[in-house]
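Participant: Take this structure first; my questions come after.
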Amino acid sequence: MKTELKKGLTVALVLAFGITAVSPWDAYCVTDYTEDPVYTEDPAYTEEPAYTDETVYTDEYGNTIETEPAEMRVTKDTSWFDYLNPEKTYHIRNEAQLMGFASLVNEQQVEAWKPNRHETFEGVTIVLDADVKLTEDWIPAGNDDTVCFKGTFDGKGHTISGLHIDTSGDYAGFFGYLSGTVKNLTLKGKVSTTGGRCGAIAGYLAEGGEIADCKSYVNVSAGAETGGICGYNEGSVTDTLNYGNVKGTLKVGGICGENWSSITRCGNRGNIRSTARGFATYGTGGVAGRSLSENAVISKCYNTGEIRSRTEGTGGITGFANVYGSRILSCYNTGKINVRNAMSMNADTPGYAGGIVGIIPSRSVRIISCYNAGTINNSDFSGGIIGLYNNNSNRREDVYIRNNHFLSQGIRYGVGADGSGASVNLSGTGSITAGALVNGSSALGPAYIDDNRGEYGNYGYPVLTWQEALDESERTYLSHIPSDLQKKLDTYLSSGENSRKPGYGVYIFFNRNEFSSDVMRKYNER
């Protein structure tokens with residue numbers, strides 16, 4: 001019986017004449033690959049937020065009140081802003097002031113001192129001086145290129161929790177339309193709309209706009225062009241992480257639904273789901289649903305979230321990439337990819353899935369120094385790196401597609417289908433064993449470092465140099481062994497010389513409970 005160990009530093013043990021210490025990577029068990037498992041709406045995948053910050057109010061009899069009592073409702077506060085005496089920096093620290101900030105962006109001020117004008121805050125910095133818990137539904141700040149925020153919103157490392165948006169319109173997010181900068185901010189909550197261009201931080205990030213050093217624990221559910229951070233990107237997203245689940249129809253991504261510019265040093269850990277079939281030019285991806293234009297770059301990014309897709313193009317990093325100059329550089333995927341194939345969808349067009357990119361329909365898209373360690377299930381055509389790659393006799397694959405690797409476990413070809421429909425292995429898409437990938441950072445390039453001690457929770461596979469090791473709260477341990485013992489074991493083995501040895505390890509249990517008990521008893525006796 002084989003049991004797969006979860007992320008963290010917990011290591012495998014071999015019960016022979018005591019305990020043999022092996023690397024934290026040894027604890028990861030690669031389970032047997034199953035050919036084309038049946039695609040199901042896995043109940044383990046849920047759109048309900050893992051994080052909840054909703055306050056429950058009750059009456060004197062203990063009955064739940066669906067809305068807040070009137071005396072507790074918040075009135076927006078704009079008193080901190082004086083249009084007649086503008087300042088370069090404003091400090092806000094509570095919900096009322098945040099609501100006032102959004103109203104200054106969104107609403108025409110009818111007071112005599114400011115007739116019929118929206119405030120963009122161009123050249124102005126808004127500083128968040130404290131964590132804020134929202135109790136009112138949030139109205140996104142900005143909705144087009146004239147009614148938008150053009151300044152800098154500096155979260156200073158603080159968190160805005162309780163974000164709740166439930167609408168039917170486009171441009172949903174903390175900022176609906178953002179032309180300025182948001183940085184150093186963490187968001188928690190839920191955003192839901194039947195419209196499109198939706199993301200936790202910005203629905204639409206305009207040219208010149210920037211999102212940097214942010215984290216989102218927001219579950220996002222919307223229509224087309226939906227992302228965990230922004231729905232539509234014409235600016236830049238850097239050093240940002242998404243932990244929330246993302247659900248949309250078409251063009252769905254863990255960071256951005258549609259990318260026309262740059263996404264750099266970003267990571268997605270949330271589950272991603274697309275629900276519509278669409279056309280072959282649409283896509284679903286771990287980082288971006290689509291990434292197209294000569295300026296579209298996804299660099300030093302990763303996805304570990306599970307992807308469930310109904311559309312034609314699905315990729316661990318992006319579902320669809322097109323146009324000369326578009327680039328995917330030094331990115332990796334370890335998330336599972338599950339696709340609804342043509343038969344299950346009763347569709348006329350097949351589904352293509354790649355560990356990095358789902359569909360590349362034209363020449364000169366660059367994929368360099370990427371790797372995929374995630375499984376791909378049920379797609380009509382599956383490639384370790386690319387699902388569909390329209391071959392062109394004039395293309396030099398060694399220039400455009402090079403130094404990319406995928407696990408040989410279960411995936412045979414680097415490209416699921418070329419222009420003729422055949423599966424191929426390009427020179428720049430090579431299979432690799434899991435054991436070799438564990439120490440593969442040097443081959444992948446200077447953007448990577450090894451994780452063979454398991455400190456980054458990446459199953460021992462290489463991580464990007466900018467990533468931070470997991471803290472204690474993020475580690476996952478075996479449910480049938482007391483976590484305090486496993487933590488002691490982590491500390492013991494991580495400090496030993498043998499803990500740096502790479503390799504495979506599998507728990508083989510004839511009687512799992514007795515074996516585990518014996519291992520822990522012997523460990524405590526040492």
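Please note that chains go A, B, ... in the order of the structure tokens, that every chain numbers its residues from 1, and that ligands are numbered from 1 in the order shown.
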Excluding A:Ala347 and its own-chain neighbours fewer than 6 positions away, which residues fall within 10 Å of it when counting only C-alpha atoms? Please give them as a ChimeraX atom specification.

Facilitator: /A:277,312,340-341

Participant: Looking only at strand (DSSP E) from DSSP on the backbone, list the matching residues of stretch 363-452 of chain A as a PyMOL selection string.

Facilitator: chain A and resi 366-368+371-372+376-377+381-383+386-389+401-402+404-407+415-418+429-432+448-449

Participant: Go ahead and compute the interatomic distance for atom CA of A:Val237 and atom CA of A:Ile367, in Å to one decimal.

Facilitator: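 Computing it gives 19.4 Å between the two atoms.
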
Participant: Write out as a list in words the residues lying within 12 Å of A:Met343, counting only C-alpha atoms and excluding same-chain residues fewer than 4 positions away.

Facilitator: Val38, Tyr39, Arg310, Val339, Ala347, Asp348, Thr349, Pro350, Gly351, Asn378, Ser379 and Asp380 of chain A

Participant: Name the residues of stretch 75-207 of chain A that come out as alpha helix (DSSP H) in a backbone DSSP run; write them as a list of chain:residue names.

Facilitator: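 Filtering stretch 75-207 of chain A down to alpha helix (DSSP H) leaves A:Glu95, A:Ala96, A:Gln97, A:Leu98, A:Met99, A:Gly100, A:Phe101, A:Ala102, A:Ser103, A:Leu104, A:Val105, A:Asn106.
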
Participant: Restricting it to N, CA, C and O atoms, dump the selection as a JSON list (two decimals), in the first residue's frame.

Facilitator:
[["chain", "number", "residue", "atom", "x", "y", "z"],
["A", 95, "GLU", "N", -12.40, 51.65, 8.12],
["A", 95, "GLU", "CA", -13.33, 51.33, 7.05],
["A", 95, "GLU", "C", -14.03, 52.57, 6.51],
["A", 95, "GLU", "O", -14.20, 52.72, 5.29],
["A", 96, "ALA", "N", -14.43, 53.47, 7.38],
["A", 96, "ALA", "CA", -15.14, 54.67, 6.93],
["A", 96, "ALA", "C", -14.27, 55.50, 5.99],
["A", 96, "ALA", "O", -14.75, 56.02, 4.96],
["A", 97, "GLN", "N", -13.00, 55.61, 6.29],
["A", 97, "GLN", "CA", -12.11, 56.37, 5.43],
["A", 97, "GLN", "C", -11.86, 55.65, 4.10],
["A", 97, "GLN", "O", -11.75, 56.28, 3.05],
["A", 98, "LEU", "N", -11.76, 54.31, 4.13],
["A", 98, "LEU", "CA", -11.63, 53.55, 2.89],
["A", 98, "LEU", "C", -12.86, 53.74, 2.01],
["A", 98, "LEU", "O", -12.74, 53.91, 0.79],
["A", 99, "MET", "N", -14.03, 53.69, 2.61],
["A", 99, "MET", "CA", -15.25, 53.90, 1.84],
["A", 99, "MET", "C", -15.30, 55.33, 1.27],
["A", 99, "MET", "O", -15.75, 55.55, 0.14],
["A", 100, "GLY", "N", -14.81, 56.27, 2.05],
["A", 100, "GLY", "CA", -14.74, 57.64, 1.55],
["A", 100, "GLY", "C", -13.78, 57.76, 0.38],
["A", 100, "GLY", "O", -14.04, 58.48, -0.59],
["A", 101, "PHE", "N", -12.67, 57.04, 0.46],
["A", 101, "PHE", "CA", -11.71, 57.04, -0.64],
["A", 101, "PHE", "C", -12.36, 56.53, -1.93],
["A", 101, "PHE", "O", -12.23, 57.15, -2.99],
["A", 102, "ALA", "N", -13.07, 55.40, -1.84],
["A", 102, "ALA", "CA", -13.73, 54.85, -3.03],
["A", 102, "ALA", "C", -14.78, 55.81, -3.58],
["A", 102, "ALA", "O", -14.92, 55.96, -4.80],
["A", 103, "SER", "N", -15.51, 56.47, -2.70],
["A", 103, "SER", "CA", -16.55, 57.40, -3.17],
["A", 103, "SER", "C", -15.95, 58.61, -3.86],
["A", 103, "SER", "O", -16.53, 59.15, -4.81],
["A", 104, "LEU", "N", -14.77, 59.07, -3.42],
["A", 104, "LEU", "CA", -14.11, 60.19, -4.08],
["A", 104, "LEU", "C", -13.69, 59.82, -5.50],
["A", 104, "LEU", "O", -13.71, 60.65, -6.41],
["A", 105, "VAL", "N", -13.32, 58.55, -5.71],
["A", 105, "VAL", "CA", -12.97, 58.09, -7.05],
["A", 105, "VAL", "C", -14.22, 57.90, -7.91],
["A", 105, "VAL", "O", -14.25, 58.30, -9.08],
["A", 106, "ASN", "N", -15.26, 57.34, -7.31],
["A", 106, "ASN", "CA", -16.42, 56.92, -8.09],
["A", 106, "ASN", "C", -17.48, 57.97, -8.32],
["A", 106, "ASN", "O", -18.14, 57.98, -9.36]]

Participant: Would you mind telling me which residue in A:Gly189, A:Gly208, A:Gly325, A:Gly283 lies nearest to A:Asp166 when using only C-alpha atoms?

Facilitator: A:Gly189

Participant: Report as a list of chain:residue names all protein, DNA and RNA residues lying within 9 Å of A:Gly313, evaluated on only C-alpha atoms, omitting residues in the same chain fewer than 4 positions from it.

Facilitator: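 What passes the distance filter is A:Phe279, A:Ala280, A:Thr281, A:Tyr282, A:Gly283, A:Thr284, A:Gly285, A:Gly289, A:Ser309, A:Thr318, A:Gly319, A:Phe320, A:Gly351, A:Tyr352, A:Ala353, A:Gly354, A:Val357, A:Gly358, A:Ile359, A:Gly387, A:Leu388.
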
Participant: Which polymer residues have any atom within 12 Å of an atom of A:Gly244, counting only C-alpha atoms, with same-chain residues fewer than 2 positions away left out, as a VMD selection string?

Facilitator: chain A and resid 46 to 52 186 to 191 199 to 201 215 to 221 227 to 229 241 to 242 246 to 247 253 to 255 267 to 273 305 to 306

Participant: I'd like to know which of A:Tyr232, A:Tyr459, A:Phe174, A:Phe381 is closest to A:Asp137, using only C-alpha atoms.

Facilitator: A:Phe174
